>>> print(open('run04.cif').read())   # mmCIF, C-alpha atoms
data_start
#
loop_
_atom_site.group_PDB
_atom_site.id
_atom_site.type_symbol
_atom_site.label_atom_id
_atom_site.label_comp_id
_atom_site.auth_asym_id
_atom_site.auth_seq_id
_atom_site.Cartn_x
_atom_site.Cartn_y
_atom_site.Cartn_z
ATOM 1 C CA MET A 1 0.000 0.000 0.000
ATOM 2 C CA LYS A 2 1.306 3.447 -0.877
ATOM 3 C CA LYS A 3 2.459 5.417 2.162
ATOM 4 C CA ARG A 4 0.830 8.790 2.688
ATOM 5 C CA ASN A 5 2.919 11.730 3.771
ATOM 6 C CA VAL A 6 1.778 11.884 7.379
ATOM 7 C CA GLY A 7 4.091 14.739 8.204
ATOM 8 C CA PHE A 8 4.050 15.090 11.958
ATOM 9 C CA THR A 9 7.380 15.879 13.610
ATOM 10 C CA LEU A 10 8.665 14.026 16.639
ATOM 11 C CA LEU A 11 10.014 15.816 19.641
ATOM 12 C CA ALA A 12 13.264 13.927 19.278
ATOM 13 C CA GLY A 13 15.108 15.881 21.912
ATOM 14 C CA ALA A 14 12.497 15.138 24.547
ATOM 15 C CA LEU A 15 12.557 11.465 23.660
ATOM 16 C CA LEU A 16 16.326 11.320 23.834
ATOM 17 C CA LEU A 17 16.336 13.008 27.216
ATOM 18 C CA SER A 18 13.684 10.565 28.417
ATOM 19 C CA ALA A 19 15.766 7.581 27.352
ATOM 20 C CA CYS A 20 19.003 8.981 28.751
ATOM 21 C CA GLY A 21 17.405 10.006 32.007
ATOM 22 C CA SER A 22 16.181 6.463 32.586
ATOM 23 C CA SER A 23 19.468 4.716 31.815
ATOM 24 C CA THR A 24 20.500 4.260 35.433
ATOM 25 C CA SER A 25 17.199 2.926 36.754
ATOM 26 C CA GLY A 26 18.052 -0.750 36.216
ATOM 27 C CA GLU A 27 16.121 -1.518 33.033
ATOM 28 C CA GLU A 28 17.162 -4.400 30.810
ATOM 29 C CA SER A 29 18.938 -3.806 27.515
ATOM 30 C CA ALA A 30 16.728 -2.640 24.664
ATOM 31 C CA PRO A 31 14.554 -5.306 23.007
ATOM 32 C CA GLU A 32 15.284 -6.405 19.458
ATOM 33 C CA THR A 33 11.702 -5.656 18.412
ATOM 34 C CA ILE A 34 8.824 -3.509 19.676
ATOM 35 C CA ARG A 35 5.441 -5.015 18.798
ATOM 36 C CA LEU A 36 2.369 -2.797 18.480
ATOM 37 C CA ASP A 37 -1.133 -3.590 17.396
ATOM 38 C CA TYR A 38 -3.263 -1.522 15.068
ATOM 39 C CA ALA A 39 -7.040 -1.630 14.855
ATOM 40 C CA PHE A 40 -9.736 -0.233 12.606
ATOM 41 C CA TYR A 41 -11.593 0.929 15.741
ATOM 42 C CA SER A 42 -8.526 3.012 16.714
ATOM 43 C CA PRO A 43 -7.949 5.637 13.985
ATOM 44 C CA THR A 44 -4.877 7.030 15.742
ATOM 45 C CA SER A 45 -3.160 3.652 15.512
ATOM 46 C CA LEU A 46 -3.796 3.649 11.754
ATOM 47 C CA VAL A 47 -2.354 7.148 11.363
ATOM 48 C CA LEU A 48 0.705 6.123 13.347
ATOM 49 C CA LYS A 49 1.224 2.937 11.345
ATOM 50 C CA GLU A 50 0.731 4.745 8.043
ATOM 51 C CA SER A 51 3.249 7.452 8.930
ATOM 52 C CA GLY A 52 6.228 5.114 9.296
ATOM 53 C CA LYS A 53 7.422 7.303 12.170
ATOM 54 C CA VAL A 54 7.639 4.425 14.647
ATOM 55 C CA GLU A 55 10.032 2.528 12.385
ATOM 56 C CA GLU A 56 11.992 5.699 11.690
ATOM 57 C CA HIS A 57 12.370 6.540 15.363
ATOM 58 C CA PHE A 58 13.372 3.105 16.647
ATOM 59 C CA GLU A 59 15.678 2.360 13.720
ATOM 60 C CA GLU A 60 18.064 4.874 15.278
ATOM 61 C CA GLN A 61 18.178 2.641 18.377
ATOM 62 C CA GLY A 62 18.595 -0.591 16.421
ATOM 63 C CA ILE A 63 15.077 -1.767 17.326
ATOM 64 C CA ASP A 64 12.775 -3.374 14.771
ATOM 65 C CA VAL A 65 9.035 -2.655 14.744
ATOM 66 C CA GLU A 66 6.290 -5.228 14.210
ATOM 67 C CA TRP A 67 2.636 -4.298 13.629
ATOM 68 C CA VAL A 68 -0.162 -6.806 14.394
ATOM 69 C CA LEU A 69 -3.832 -6.322 13.460
ATOM 70 C CA SER A 70 -6.364 -6.524 16.307
ATOM 71 C CA GLN A 71 -9.891 -7.353 15.130
ATOM 72 C CA GLY A 72 -11.434 -6.421 18.501
ATOM 73 C CA SER A 73 -10.564 -5.727 22.117
ATOM 74 C CA ASN A 74 -10.773 -9.429 22.888
ATOM 75 C CA ARG A 75 -8.187 -10.162 20.203
ATOM 76 C CA ALA A 76 -5.919 -7.398 21.503
ATOM 77 C CA ILE A 77 -6.158 -8.888 24.998
ATOM 78 C CA GLU A 78 -5.289 -12.326 23.607
ATOM 79 C CA LEU A 79 -2.236 -10.842 21.903
ATOM 80 C CA LEU A 80 -1.132 -9.166 25.137
ATOM 81 C CA ASN A 81 -1.758 -12.286 27.220
ATOM 82 C CA SER A 82 0.197 -14.490 24.833
ATOM 83 C CA ASN A 83 3.111 -12.035 24.713
ATOM 84 C CA SER A 84 2.513 -11.516 20.995
ATOM 85 C CA VAL A 85 2.452 -7.718 21.314
ATOM 86 C CA ASP A 86 3.882 -5.255 23.802
ATOM 87 C CA PHE A 87 1.197 -2.598 23.230
ATOM 88 C CA GLY A 88 -2.479 -3.333 22.555
ATOM 89 C CA SER A 89 -5.492 -1.140 21.744
ATOM 90 C CA THR A 90 -8.737 -1.891 23.589
ATOM 91 C CA ALA A 91 -11.796 -0.351 25.136
ATOM 92 C CA GLY A 92 -11.273 0.643 28.739
ATOM 93 C CA ALA A 93 -13.934 -1.744 30.050
ATOM 94 C CA ALA A 94 -12.486 -4.649 28.070
ATOM 95 C CA ALA A 95 -9.116 -3.978 29.681
ATOM 96 C CA LEU A 96 -10.831 -4.000 33.069
ATOM 97 C CA VAL A 97 -12.396 -7.404 32.427
ATOM 98 C CA ALA A 98 -9.008 -8.699 31.318
ATOM 99 C CA LYS A 99 -7.379 -7.298 34.451
ATOM 100 C CA SER A 100 -9.981 -9.049 36.607
ATOM 101 C CA ASN A 101 -8.849 -12.261 34.894
ATOM 102 C CA HIS A 102 -5.225 -11.500 35.816
ATOM 103 C CA ALA A 103 -4.077 -10.181 32.452
ATOM 104 C CA PRO A 104 -0.563 -8.704 32.965
ATOM 105 C CA ILE A 105 -1.422 -5.270 31.556
ATOM 106 C CA GLU A 106 -1.539 -1.592 32.442
ATOM 107 C CA THR A 107 -3.613 1.068 30.700
ATOM 108 C CA VAL A 108 -1.290 3.990 29.965
ATOM 109 C CA TYR A 109 -2.901 6.261 27.357
ATOM 110 C CA VAL A 110 -6.270 7.467 26.047
ATOM 111 C CA ALA A 111 -6.377 7.273 22.247
ATOM 112 C CA SER A 112 -9.848 8.839 21.993
ATOM 113 C CA ASP A 113 -13.239 9.252 23.614
ATOM 114 C CA PRO A 114 -15.497 7.478 21.109
ATOM 115 C CA GLU A 115 -19.155 6.736 20.780
ATOM 116 C CA TRP A 116 -18.221 3.594 18.954
ATOM 117 C CA THR A 117 -20.899 1.225 20.187
ATOM 118 C CA ALA A 118 -24.701 1.157 20.217
ATOM 119 C CA LEU A 119 -27.454 -1.426 19.827
ATOM 120 C CA LEU A 120 -28.669 -1.935 16.260
ATOM 121 C CA SER A 121 -31.633 -3.612 14.602
ATOM 122 C CA ASN A 122 -33.228 -3.694 11.187
ATOM 123 C CA GLY A 123 -36.357 -1.960 12.463
ATOM 124 C CA ASP A 124 -38.258 -4.696 14.298
ATOM 125 C CA ILE A 125 -36.553 -3.890 17.600
ATOM 126 C CA GLU A 126 -37.152 -0.357 18.858
ATOM 127 C CA THR A 127 -36.509 -0.482 22.622
ATOM 128 C CA ILE A 128 -34.419 -2.447 25.086
ATOM 129 C CA GLU A 129 -37.617 -4.133 26.316
ATOM 130 C CA ASP A 130 -38.191 -5.480 22.795
ATOM 131 C CA LEU A 131 -35.039 -7.609 23.178
ATOM 132 C CA LYS A 132 -36.734 -10.063 25.546
ATOM 133 C CA GLY A 133 -36.694 -13.494 23.975
ATOM 134 C CA LYS A 134 -34.562 -12.299 21.057
ATOM 135 C CA GLN A 135 -31.128 -13.198 19.726
ATOM 136 C CA VAL A 136 -28.485 -10.489 20.060
ATOM 137 C CA ALA A 137 -25.021 -10.796 18.513
ATOM 138 C CA ALA A 138 -22.071 -9.551 20.572
ATOM 139 C CA THR A 139 -18.339 -10.112 20.885
ATOM 140 C CA MET A 140 -17.686 -11.313 24.422
ATOM 141 C CA GLY A 141 -15.309 -9.268 26.540
ATOM 142 C CA THR A 142 -15.490 -6.147 24.361
ATOM 143 C CA ASP A 143 -17.082 -2.734 24.863
ATOM 144 C CA PRO A 144 -20.204 -3.617 22.807
ATOM 145 C CA HIS A 145 -20.812 -6.700 24.972
ATOM 146 C CA ILE A 146 -20.369 -4.664 28.148
ATOM 147 C CA PHE A 147 -22.528 -1.891 26.660
ATOM 148 C CA LEU A 148 -25.292 -4.461 26.084
ATOM 149 C CA LEU A 149 -25.075 -5.727 29.658
ATOM 150 C CA ARG A 150 -25.250 -2.186 31.053
ATOM 151 C CA ALA A 151 -28.240 -1.346 28.845
ATOM 152 C CA LEU A 152 -30.060 -4.469 30.043
ATOM 153 C CA HIS A 153 -29.187 -3.668 33.656
ATOM 154 C CA GLU A 154 -30.510 -0.116 33.326
ATOM 155 C CA ALA A 155 -33.798 -1.444 31.912
ATOM 156 C CA GLY A 156 -34.120 -4.063 34.648
ATOM 157 C CA ILE A 157 -33.801 -6.959 32.198
ATOM 158 C CA ASP A 158 -31.823 -10.035 33.193
ATOM 159 C CA GLU A 159 -29.258 -11.333 30.733
ATOM 160 C CA SER A 160 -31.046 -14.711 30.804
ATOM 161 C CA GLU A 161 -34.077 -13.091 29.143
ATOM 162 C CA ILE A 162 -32.179 -12.745 25.849
ATOM 163 C CA THR A 163 -29.898 -15.041 23.887
ATOM 164 C CA ILE A 164 -26.433 -13.620 23.310
ATOM 165 C CA VAL A 165 -24.879 -15.036 20.149
ATOM 166 C CA GLN A 166 -21.093 -14.908 20.402
ATOM 167 C CA LEU A 167 -19.722 -13.566 17.124
ATOM 168 C CA GLN A 168 -16.713 -11.454 16.222
ATOM 169 C CA HIS A 169 -17.660 -7.872 15.315
ATOM 170 C CA ASN A 170 -17.672 -8.258 11.528
ATOM 171 C CA ASP A 171 -19.602 -11.539 11.758
ATOM 172 C CA GLY A 172 -22.161 -9.943 14.070
ATOM 173 C CA ALA A 173 -22.682 -7.167 11.547
ATOM 174 C CA SER A 174 -23.214 -9.733 8.782
ATOM 175 C CA ALA A 175 -25.615 -11.731 10.943
ATOM 176 C CA LEU A 176 -27.730 -8.620 11.505
ATOM 177 C CA ALA A 177 -27.741 -7.773 7.801
ATOM 178 C CA THR A 178 -28.922 -11.274 6.853
ATOM 179 C CA GLY A 179 -31.507 -11.549 9.633
ATOM 180 C CA GLU A 180 -29.729 -14.364 11.473
ATOM 181 C CA VAL A 181 -29.998 -12.336 14.687
ATOM 182 C CA ASP A 182 -32.586 -9.812 15.823
ATOM 183 C CA ALA A 183 -30.132 -7.222 17.087
ATOM 184 C CA TRP A 184 -26.428 -6.568 17.364
ATOM 185 C CA ALA A 185 -24.208 -4.817 19.871
ATOM 186 C CA GLY A 186 -22.255 -2.933 17.244
ATOM 187 C CA LEU A 187 -18.781 -1.452 16.940
ATOM 188 C CA ASP A 188 -17.444 1.063 14.448
ATOM 189 C CA PRO A 189 -16.532 0.927 11.655
ATOM 190 C CA HIS A 190 -18.861 -2.064 11.142
ATOM 191 C CA MET A 191 -21.682 -0.168 12.861
ATOM 192 C CA ALA A 192 -21.383 2.816 10.521
ATOM 193 C CA THR A 193 -21.260 0.429 7.555
ATOM 194 C CA GLN A 194 -24.544 -1.154 8.625
ATOM 195 C CA GLU A 195 -26.141 2.287 8.905
ATOM 196 C CA VAL A 196 -25.027 3.404 5.449
ATOM 197 C CA GLU A 197 -25.281 0.195 3.441
ATOM 198 C CA HIS A 198 -28.152 -1.669 5.133
ATOM 199 C CA ASP A 199 -30.242 1.077 6.771
ATOM 200 C CA ALA A 200 -29.721 -0.455 10.201
ATOM 201 C CA GLU A 201 -31.132 1.594 13.066
ATOM 202 C CA LEU A 202 -29.267 2.549 16.225
ATOM 203 C CA PHE A 203 -32.228 1.960 18.501
ATOM 204 C CA TYR A 204 -30.307 2.433 21.738
ATOM 205 C CA ARG A 205 -27.457 4.909 22.216
ATOM 206 C CA ASN A 206 -25.783 6.030 25.425
ATOM 207 C CA GLN A 207 -22.499 7.914 25.252
ATOM 208 C CA ASP A 208 -21.873 7.330 28.965
ATOM 209 C CA PHE A 209 -21.853 3.548 28.460
ATOM 210 C CA ASN A 210 -19.062 3.788 25.869
ATOM 211 C CA THR A 211 -15.723 3.432 27.616
ATOM 212 C CA TYR A 212 -12.622 5.009 26.235
ATOM 213 C CA SER A 213 -10.296 3.821 23.493
ATOM 214 C CA VAL A 214 -7.086 3.123 25.388
ATOM 215 C CA LEU A 215 -3.568 1.851 24.846
ATOM 216 C CA ASN A 216 -2.317 -0.912 27.128
ATOM 217 C CA VAL A 217 1.192 -2.196 27.726
ATOM 218 C CA ARG A 218 2.395 -5.493 29.104
ATOM 219 C CA GLU A 219 3.517 -5.036 32.723
ATOM 220 C CA ASP A 220 6.806 -6.860 32.184
ATOM 221 C CA PHE A 221 7.664 -4.658 29.200
ATOM 222 C CA ALA A 222 6.880 -1.487 31.164
ATOM 223 C CA GLU A 223 8.931 -2.665 34.130
ATOM 224 C CA SER A 224 11.940 -3.466 31.939
ATOM 225 C CA HIS A 225 11.662 -0.534 29.512
ATOM 226 C CA PRO A 226 9.795 2.424 31.049
ATOM 227 C CA GLU A 227 11.636 4.850 28.791
ATOM 228 C CA LEU A 228 10.333 3.013 25.704
ATOM 229 C CA VAL A 229 6.756 3.228 27.006
ATOM 230 C CA GLU A 230 7.158 7.003 27.160
ATOM 231 C CA GLU A 231 8.609 7.050 23.663
ATOM 232 C CA VAL A 232 5.680 5.075 22.235
ATOM 233 C CA ILE A 233 3.264 7.446 23.975
ATOM 234 C CA GLU A 234 5.139 10.401 22.510
ATOM 235 C CA LEU A 235 4.717 8.868 19.061
ATOM 236 C CA TYR A 236 1.004 8.345 19.710
ATOM 237 C CA GLU A 237 0.781 11.939 20.874
ATOM 238 C CA GLU A 238 2.219 13.269 17.639
ATOM 239 C CA ALA A 239 -0.210 11.098 15.669
ATOM 240 C CA ARG A 240 -3.134 12.344 17.791
ATOM 241 C CA LYS A 241 -2.187 15.987 17.251
ATOM 242 C CA TRP A 242 -1.725 15.384 13.523
ATOM 243 C CA THR A 243 -5.166 13.769 13.386
ATOM 244 C CA LEU A 244 -6.744 16.806 15.040
ATOM 245 C CA ASP A 245 -5.052 19.124 12.551
ATOM 246 C CA ASN A 246 -5.616 16.949 9.469
ATOM 247 C CA HIS A 247 -9.095 15.543 9.932
ATOM 248 C CA GLU A 248 -9.847 14.906 6.257
ATOM 249 C CA GLU A 249 -6.553 13.137 5.573
ATOM 250 C CA ALA A 250 -6.903 11.064 8.752
ATOM 251 C CA THR A 251 -10.374 10.060 7.539
ATOM 252 C CA ALA A 252 -8.890 9.040 4.198
ATOM 253 C CA ILE A 253 -6.279 6.892 5.959
ATOM 254 C CA LEU A 254 -9.032 5.148 7.931
ATOM 255 C CA ALA A 255 -11.051 4.559 4.765
ATOM 256 C CA GLU A 256 -8.052 3.156 2.881
ATOM 257 C CA GLN A 257 -6.654 0.918 5.614
ATOM 258 C CA ALA A 258 -10.029 -0.420 6.799
ATOM 259 C CA ASP A 259 -11.387 -0.678 3.228
ATOM 260 C CA LEU A 260 -14.296 1.654 3.962
ATOM 261 C CA SER A 261 -16.199 4.160 1.900
ATOM 262 C CA GLU A 262 -15.390 7.788 2.659
ATOM 263 C CA GLU A 263 -18.949 8.189 4.000
ATOM 264 C CA VAL A 264 -18.563 5.364 6.510
ATOM 265 C CA ALA A 265 -15.111 6.524 7.576
ATOM 266 C CA ALA A 266 -16.406 10.066 8.090
ATOM 267 C CA ILE A 267 -19.194 8.821 10.368
ATOM 268 C CA GLN A 268 -16.715 6.874 12.464
ATOM 269 C CA MET A 269 -14.342 9.831 12.749
ATOM 270 C CA GLU A 270 -17.179 12.148 13.774
ATOM 271 C CA ARG A 271 -17.924 9.800 16.663
ATOM 272 C CA ASN A 272 -14.387 10.133 18.063
ATOM 273 C CA ASP A 273 -13.128 12.896 20.339
ATOM 274 C CA PHE A 274 -9.322 13.057 20.216
ATOM 275 C CA SER A 275 -8.940 16.034 22.565
ATOM 276 C CA ASN A 276 -7.670 14.509 25.837
ATOM 277 C CA PRO A 277 -5.080 11.684 26.036
ATOM 278 C CA VAL A 278 -4.507 11.879 29.811
ATOM 279 C CA LEU A 279 -5.963 9.291 32.185
ATOM 280 C CA GLU A 280 -8.041 11.226 34.717
ATOM 281 C CA ASP A 281 -10.937 10.893 37.157
ATOM 282 C CA GLU A 282 -13.519 10.770 34.355
ATOM 283 C CA HIS A 283 -11.865 7.640 32.959
ATOM 284 C CA ARG A 284 -11.633 6.048 36.388
ATOM 285 C CA ASP A 285 -15.298 6.817 37.071
ATOM 286 C CA ALA A 286 -16.394 5.373 33.717
ATOM 287 C CA LEU A 287 -14.566 2.118 34.428
ATOM 288 C CA ILE A 288 -15.944 1.886 37.952
ATOM 289 C CA GLY A 289 -19.463 2.288 36.553
ATOM 290 C CA ALA A 290 -18.861 -0.528 34.088
ATOM 291 C CA GLY A 291 -17.142 -2.660 36.717
ATOM 292 C CA VAL A 292 -20.049 -2.484 39.157
ATOM 293 C CA VAL A 293 -22.419 -3.915 36.539
ATOM 294 C CA LEU A 294 -19.889 -6.583 35.561
ATOM 295 C CA GLU A 295 -19.369 -7.564 39.191
ATOM 296 C CA GLU A 296 -23.105 -8.015 39.649
ATOM 297 C CA GLY A 297 -23.039 -10.310 36.625
ATOM 298 C CA HIS A 298 -20.154 -12.291 38.139
ATOM 299 C CA LEU A 299 -17.724 -11.088 35.486
ATOM 300 C CA GLY A 300 -15.743 -8.915 37.863
ATOM 301 C CA PRO A 301 -13.126 -9.646 40.505
ATOM 302 C CA ALA A 302 -13.721 -11.697 43.604
ATOM 303 C CA ALA A 303 -10.567 -10.699 45.496
ATOM 304 C CA SER A 304 -10.417 -6.954 44.832
ATOM 305 C CA SER A 305 -13.051 -4.254 44.900
ATOM 306 C CA VAL A 306 -13.892 -2.621 41.576
ATOM 307 C CA GLU A 307 -12.159 0.565 42.699
ATOM 308 C CA GLU A 308 -8.985 -1.305 43.625
ATOM 309 C CA LEU A 309 -8.998 -3.162 40.330
ATOM 310 C CA VAL A 310 -9.408 0.054 38.339
ATOM 311 C CA ASP A 311 -6.499 1.606 40.242
ATOM 312 C CA GLU A 312 -4.368 -1.462 39.497
ATOM 313 C CA LEU A 313 -5.196 -1.145 35.798
ATOM 314 C CA LEU A 314 -4.746 2.589 35.225
ATOM 315 C CA ASN A 315 -1.205 3.963 35.225
ATOM 316 C CA PRO A 316 -1.239 7.644 34.229
ATOM 317 C CA THR A 317 2.405 8.312 35.108
ATOM 318 C CA TYR A 318 3.783 7.757 31.602
ATOM 319 C CA VAL A 319 1.367 10.036 29.756
ATOM 320 C CA GLU A 320 1.650 12.665 32.476
ATOM 321 C CA SER A 321 5.423 12.551 32.080
ATOM 322 C CA VAL A 322 5.058 13.095 28.339
ATOM 323 C CA VAL A 323 2.275 15.698 28.154
ATOM 324 C CA GLY A 324 1.534 16.697 31.771
ATOM 325 C CA SER A 325 -1.967 16.619 33.211
ATOM 326 C CA THR A 326 -4.823 18.728 31.870
ATOM 327 C CA SER A 327 -4.909 20.546 35.195
ATOM 328 C CA ASP A 328 -1.301 21.801 34.762
#
>>> encode(input="run04.cif", output="structure tokens")
Amino acid sequence: MKKRNVGFTLLAGALLLSACGSSTSGEESAPETIRLDYAFYSPTSLVLKESGKVEEHFEEQGIDVEWVLSQGSNRAIELLNSNSVDFGSTAGAAALVAKSNHAPIETVYVASDPEWTALLSNGDIETIEDLKGKQVAATMGTDPHIFLLRALHEAGIDESEITIVQLQHNDGASALATGEVDAWAGLDPHMATQEVEHDAELFYRNQDFNTYSVLNVREDFAESHPELVEEVIELYEEARKWTLDNHEEATAILAEQADLSEEVAAIQMERNDFSNPVLEDEHRDALIGAGVVLEEGHLGPAASSVEELVDELLNPTYVESVVGSTSD
């Protein structure tokens, strides 16, 4: 695929100082390869991959770069758990579920604040109450699945009153389009595609039930190479700022890499807020809200409280070191 000229400029001096300043803290020697995922639900990751800036930066340190496609948060978690990537893109709530299952990860960066999930039907389902006795497609352990559970909980409907059909996001979208399921807990860009190409209806939306698009790192990698975590975040930061300043070109990158129409890509981009990358109280509160519902459904931790688990997951120190806090 032809590389676009994604011309953001790295703060090389700051990165060099970060690496040099950490050299006496006992980290291991640099890894041969840094492995990052990219995902169609994370436009910033696509911009970063397209730019070639990660390869350019780490080539100077003799470190190779490997990119791995994540088809959903559950896949990203699998890649992190199996030590197949060092950095993985997920929804915040999906990372929380993984942490409750002892995944060795920390959430270190906010890629965006998206409204990337909603409940969709082809018109026969109009309310949450209409889901009783119906089949609903969802990808287990992802934000759409958790969104569905929270919507049911809010309406006072037990999960046992519906049938959840476990399908990966793209398969769930196809199942809705062909009528194999009655509804689907959707995720962009597949959700936007269903709206544009199949006139699917978003019959239930709730921005507050969407958790954030976050970047996670393996704990062992962060412990051994904290300076490299900061460098990756700095690269993500430059991609985020470039995306804010070059909205149309970022939309074109999403369309090209995810094989979407410009119309679908534009809808997805409009549903993403790229303004704040720093982990703060609002992110903690959103995860606690999701965690309480998950705990009631026996998907949460038994040993730790939800608050303790969220605090174990979120590590804002790296991004604060790179960009400061929004209160500075």
>>> residues_near_point(input="run04.cif", point="(-6.0, 12.0, 10.3)", cutoff="10 Å", atoms="only C-alpha atoms", output="list in words")
Val6, Pro43, Thr44, Leu46, Val47, Leu48, Ala239, Arg240, Lys241, Trp242, Thr243, Leu244, Asp245, Asn246, His247, Glu248, Glu249, Ala250, Thr251, Ala252, Ile253, Leu254 and Met269 of chain A
>>> residues_around(input="run04.cif", residues="range 137-140 of chain A", least_positions_apart="5", cutoff="6 Å", atoms="all atoms listed in the file", output="PyMOL selection string")
chain A and resi 145+164-168+172+184-185
>>> resolve_selection(input="run04.cif", expression="the PyMOL selection byres ((chain A and resi 163) around 9)", output="NGL selection string")
:A and (132-137 or 159-162 or 164-165)
>>> residues_around(input="run04.cif", residues="Glu197 in chain A", least_positions_apart="4", cutoff="12 Å", atoms="only C-alpha atoms", output="mmCIF file with C-alpha atoms, keeping the file's coordinate frame")
data_model
loop_
_atom_site.group_PDB
_atom_site.id
_atom_site.type_symbol
_atom_site.label_atom_id
_atom_site.label_comp_id
_atom_site.auth_asym_id
_atom_site.auth_seq_id
_atom_site.Cartn_x
_atom_site.Cartn_y
_atom_site.Cartn_z
ATOM 1 C CA ASN A 122 -33.228 -3.694 11.187
ATOM 2 C CA ALA A 173 -22.682 -7.167 11.547
ATOM 3 C CA SER A 174 -23.214 -9.733 8.782
ATOM 4 C CA ALA A 177 -27.741 -7.773 7.801
ATOM 5 C CA HIS A 190 -18.861 -2.064 11.142
ATOM 6 C CA MET A 191 -21.682 -0.168 12.861
ATOM 7 C CA ALA A 192 -21.383 2.816 10.521
ATOM 8 C CA THR A 193 -21.260 0.429 7.555
ATOM 9 C CA GLU A 201 -31.132 1.594 13.066
ATOM 10 C CA LEU A 260 -14.296 1.654 3.962
ATOM 11 C CA SER A 261 -16.199 4.160 1.900
ATOM 12 C CA GLU A 263 -18.949 8.189 4.000
ATOM 13 C CA VAL A 264 -18.563 5.364 6.510
#
>>> axis_aligned_box(input="run04.cif", around="range 258-267 of chain A", padding_each_side="4 Å", output="JSON")
{"center_x": -14.6, "center_y": 4.7, "center_z": 6.1, "size_x": 17.2, "size_y": 18.7, "size_z": 16.5}
>>> resolve_selection(input="run04.cif", expression="the PyMOL selection byres ((chain A and resi 36-39) around 6)", output="number ranges by chain")
A: 35, 40-42, 45, 67-70, 85, 87-88
>>> resolve_selection(input="run04.cif", expression="the PyMOL selection byres ((chain A and resi 107) around 6)", output="list of chain:residue names")
A:Glu106, A:Val108, A:Leu215, A:Asn216, A:Leu313, A:Leu314, A:Asn315
>>> residues_around(input="run04.cif", residues="Phe147 in chain A", least_positions_apart="3", cutoff="8 Å", atoms="all atoms listed in the file", output="ChimeraX atom specification")
/A:117-118,143-144,150-151,185,209-210
>>> residues_around(input="run04.cif", residues="range 109-111 of chain A", least_positions_apart="6", cutoff="8 Å", atoms="all atoms listed in the file", output="VMD selection string")
chain A and resid 42 44 212 to 216 233 236 240 274 276 to 279 316 319
>>> closest_residue(input="run04.cif", among="A:Val232, A:Ile157, A:Glu195, A:Ala222", to="Val65 in chain A", atoms="all atoms listed in the file")
A:Val232
>>> atom_distance(input="run04.cif", atom1="CA of Glu180 in chain A", atom2="CA of Ser121 in chain A")
11.4 Å
>>> atom_distance(input="run04.cif", atom1="CA of Val196 in chain A", atom2="CA of Thr211 in chain A")
24.0 Å
>>> residues_around(input="run04.cif", residues="Glu296 in chain A", least_positions_apart="5", cutoff="12 Å", atoms="all atoms listed in the file", output="PDB file with C-alpha atoms, keeping the file's coordinate frame")
ATOM      1  CA  LEU A 149     -25.075  -5.727  29.658  1.00  0.00           C
ATOM      2  CA  ARG A 150     -25.250  -2.186  31.053  1.00  0.00           C
ATOM      3  CA  HIS A 153     -29.187  -3.668  33.656  1.00  0.00           C
ATOM      4  CA  ASP A 158     -31.823 -10.035  33.193  1.00  0.00           C
ATOM      5  CA  GLU A 159     -29.258 -11.333  30.733  1.00  0.00           C
ATOM      6  CA  GLY A 289     -19.463   2.288  36.553  1.00  0.00           C
ATOM      7  CA  ALA A 290     -18.861  -0.528  34.088  1.00  0.00           C
ATOM      8  CA  GLY A 291     -17.142  -2.660  36.717  1.00  0.00           C
ATOM      9  CA  PRO A 301     -13.126  -9.646  40.505  1.00  0.00           C
ATOM     10  CA  ALA A 302     -13.721 -11.697  43.604  1.00  0.00           C
ATOM     11  CA  SER A 305     -13.051  -4.254  44.900  1.00  0.00           C
ATOM     12  CA  VAL A 306     -13.892  -2.621  41.576  1.00  0.00           C
TER      13      VAL A 306
END
>>> atom_distance(input="run04.cif", atom1="CA of Glu256 in chain A", atom2="CA of Gln207 in chain A")
27.1 Å
>>> closest_residue(input="run04.cif", among="A:Glu126, A:Glu55, A:Glu234, A:Asp220", to="Ile105 in chain A", atoms="all atoms listed in the file")
A:Asp220
>>> closest_residue(input="run04.cif", among="A:Ala155, A:Ala103, A:Ala200, A:Ile146", to="Gly123 in chain A", atoms="all atoms listed in the file")
A:Ala200
